[in-house]
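Worksheet: one structure, shown below.
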Amino acid sequence: MNYWLIKSDPETYSFERMKQDKKTNWDGVHNYAARNNLKAMKKGDLCFFYESMNGEPSVVGIVSVAKEHYPDPADDTWVWVDVAYKAPMKKPVTLKQVKANKKLEQMALVRLSRLSVQPVTEAEWEEVLMMAEQK
């Protein structure tokens, strides 16, 4: 299994809406590096859901990949994946907290902060879960 972080502006699509919808297609990604990350996702992979606006940017929940990449119906240069709701974070983990944690200094969220779909290592995944009091 692989781990990922997907970003959304809550005004566009919030984790609260993800919770209500239970499943959605992850669309609107128009960056080649992010597209390549979507293509690398496998069914069952887990993703942190990161809200990038509305107060303090934070990891607020977990979703899973429900369907692997398929072409964007409007432009097959781009791809979508389907994601399914898993759980909220018991305690959101803010970008400030991630940046302050020495164990996460190499995390893509710190190094490539604008990338909307990012890989997360297993060690980073576990550390963020600890910070969120999920473990």
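In the structure tokens, the first chain shown is A, the next is B, and so on; residue numbers restart at 1 for each chain, and ligands run from 1 in the order shown.
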
Within range 17-98 of chain A, find each residue whose DSSP state, derived from the backbone, is helix (DSSP H, G or I), and express the selection as a list in words.
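DSSP-assigned helix (DSSP H, G or I) residues in range 17-98 of chain A: Arg17, Met18, Lys19, Gln20, Asp21, Tyr32, Ala33, Ala34, Arg35, Asn36, Asn37, Leu38, Lys39, Ala40, Leu95, Lys96, Gln97 and Val98 of chain A.
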
Please save N, CA and C atoms of the selected residues as a PDB file, in the first residue's frame.
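Result file part.pdb:
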ATOM      1  N   ARG A  17     -18.016  17.809   3.186  1.00  0.00           N
ATOM      2  CA  ARG A  17     -18.790  17.341   2.027  1.00  0.00           C
ATOM      3  C   ARG A  17     -18.376  15.921   1.640  1.00  0.00           C
ATOM      4  N   MET A  18     -17.080  15.625   1.742  1.00  0.00           N
ATOM      5  CA  MET A  18     -16.600  14.269   1.469  1.00  0.00           C
ATOM      6  C   MET A  18     -17.291  13.281   2.402  1.00  0.00           C
ATOM      7  N   LYS A  19     -17.425  13.660   3.659  1.00  0.00           N
ATOM      8  CA  LYS A  19     -18.096  12.804   4.644  1.00  0.00           C
ATOM      9  C   LYS A  19     -19.550  12.547   4.232  1.00  0.00           C
ATOM     10  N   GLN A  20     -20.225  13.569   3.746  1.00  0.00           N
ATOM     11  CA  GLN A  20     -21.622  13.423   3.314  1.00  0.00           C
ATOM     12  C   GLN A  20     -21.719  12.596   2.039  1.00  0.00           C
ATOM     13  N   ASP A  21     -20.834  12.855   1.075  1.00  0.00           N
ATOM     14  CA  ASP A  21     -20.889  12.170  -0.220  1.00  0.00           C
ATOM     15  C   ASP A  21     -20.434  10.716  -0.136  1.00  0.00           C
ATOM     16  N   TYR A  32       1.314  18.428 -14.139  1.00  0.00           N
ATOM     17  CA  TYR A  32       1.855  17.149 -14.602  1.00  0.00           C
ATOM     18  C   TYR A  32       2.382  16.275 -13.463  1.00  0.00           C
ATOM     19  N   ALA A  33       3.072  16.859 -12.496  1.00  0.00           N
ATOM     20  CA  ALA A  33       3.581  16.064 -11.375  1.00  0.00           C
ATOM     21  C   ALA A  33       2.427  15.488 -10.563  1.00  0.00           C
ATOM     22  N   ALA A  34       1.406  16.290 -10.297  1.00  0.00           N
ATOM     23  CA  ALA A  34       0.240  15.809  -9.556  1.00  0.00           C
ATOM     24  C   ALA A  34      -0.489  14.726 -10.357  1.00  0.00           C
ATOM     25  N   ARG A  35      -0.602  14.926 -11.675  1.00  0.00           N
ATOM     26  CA  ARG A  35      -1.243  13.922 -12.531  1.00  0.00           C
ATOM     27  C   ARG A  35      -0.489  12.598 -12.446  1.00  0.00           C
ATOM     28  N   ASN A  36       0.839  12.661 -12.478  1.00  0.00           N
ATOM     29  CA  ASN A  36       1.636  11.438 -12.384  1.00  0.00           C
ATOM     30  C   ASN A  36       1.414  10.737 -11.044  1.00  0.00           C
ATOM     31  N   ASN A  37       1.221  11.514  -9.985  1.00  0.00           N
ATOM     32  CA  ASN A  37       0.922  10.923  -8.683  1.00  0.00           C
ATOM     33  C   ASN A  37      -0.452  10.258  -8.706  1.00  0.00           C
ATOM     34  N   LEU A  38      -1.436  10.890  -9.337  1.00  0.00           N
ATOM     35  CA  LEU A  38      -2.758  10.264  -9.472  1.00  0.00           C
ATOM     36  C   LEU A  38      -2.637   8.936 -10.225  1.00  0.00           C
ATOM     37  N   LYS A  39      -1.820   8.915 -11.268  1.00  0.00           N
ATOM     38  CA  LYS A  39      -1.641   7.694 -12.059  1.00  0.00           C
ATOM     39  C   LYS A  39      -0.971   6.578 -11.250  1.00  0.00           C
ATOM     40  N   ALA A  40      -0.173   6.955 -10.260  1.00  0.00           N
ATOM     41  CA  ALA A  40       0.531   5.960  -9.436  1.00  0.00           C
ATOM     42  C   ALA A  40      -0.343   5.393  -8.318  1.00  0.00           C
ATOM     43  N   LEU A  95      -0.345  22.836   9.055  1.00  0.00           N
ATOM     44  CA  LEU A  95       0.894  22.982   8.298  1.00  0.00           C
ATOM     45  C   LEU A  95       2.014  23.465   9.215  1.00  0.00           C
ATOM     46  N   LYS A  96       1.703  24.373  10.124  1.00  0.00           N
ATOM     47  CA  LYS A  96       2.717  24.864  11.074  1.00  0.00           C
ATOM     48  C   LYS A  96       3.273  23.718  11.907  1.00  0.00           C
ATOM     49  N   GLN A  97       2.416  22.818  12.362  1.00  0.00           N
ATOM     50  CA  GLN A  97       2.865  21.673  13.158  1.00  0.00           C
ATOM     51  C   GLN A  97       3.740  20.743  12.323  1.00  0.00           C
ATOM     52  N   VAL A  98       3.355  20.513  11.079  1.00  0.00           N
ATOM     53  CA  VAL A  98       4.154  19.660  10.201  1.00  0.00           C
ATOM     54  C   VAL A  98       5.531  20.273  10.003  1.00  0.00           C
TER      55      VAL A  98
END

Neighbouring residues of Trp4 in chain A were defined as those with any atom within 8 Å, considering only C-alpha atoms; residues of the same chain fewer than 4 positions away were excluded. Please report them as a PyMOL selection string.
chain A and resi 45-48+117-120

Residue nearest Lys67 in chain A among A:Trp26, A:Lys102, A:Pro92, A:Phe49 (counting only C-alpha atoms):
A:Trp26

Range 59-135 of chain A: which residues are strand (DSSP E) by DSSP, as number ranges by chain?
A: 59-72, 75-94, 117-120

Show which residues sit within 7 Å of Lys7 in chain A, as a ChimeraX atom specification. Count only C-alpha atoms, and ignore same-chain residues fewer than 2 positions away.
/A:5,9,49-52,116-117

Top pick for closest residue to Leu115 in chain A, considering A:Ala66, A:Val79, A:Leu129, A:Val29 and counting only C-alpha atoms
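Among A:Ala66, A:Val79, A:Leu129, A:Val29, it is A:Val29 that comes nearest to Leu115 in chain A.
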
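The shell of residues at most 9 Å from Val65 in chain A, with only C-alpha atoms counted and near chain neighbours (fewer than 5 positions) removed, consists of Met41, Lys42, Lys43, Gly44, Asp45, Leu46, Cys47, Val81, Asp82, Val83 and Ala84 of chain A.
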
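Closest to Asn101 in chain A among A:Met130, A:Ala87, A:Met1, A:Ile62 is A:Met130, based on only C-alpha atoms.
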
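Closest to Lys22 in chain A among A:Thr77, A:Tyr85, A:Met53, A:Val59 is A:Tyr85, based on only C-alpha atoms.
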
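Take CA of Trp78 in chain A and CA of Asp27 in chain A: the distance between them is 8.7 Å.
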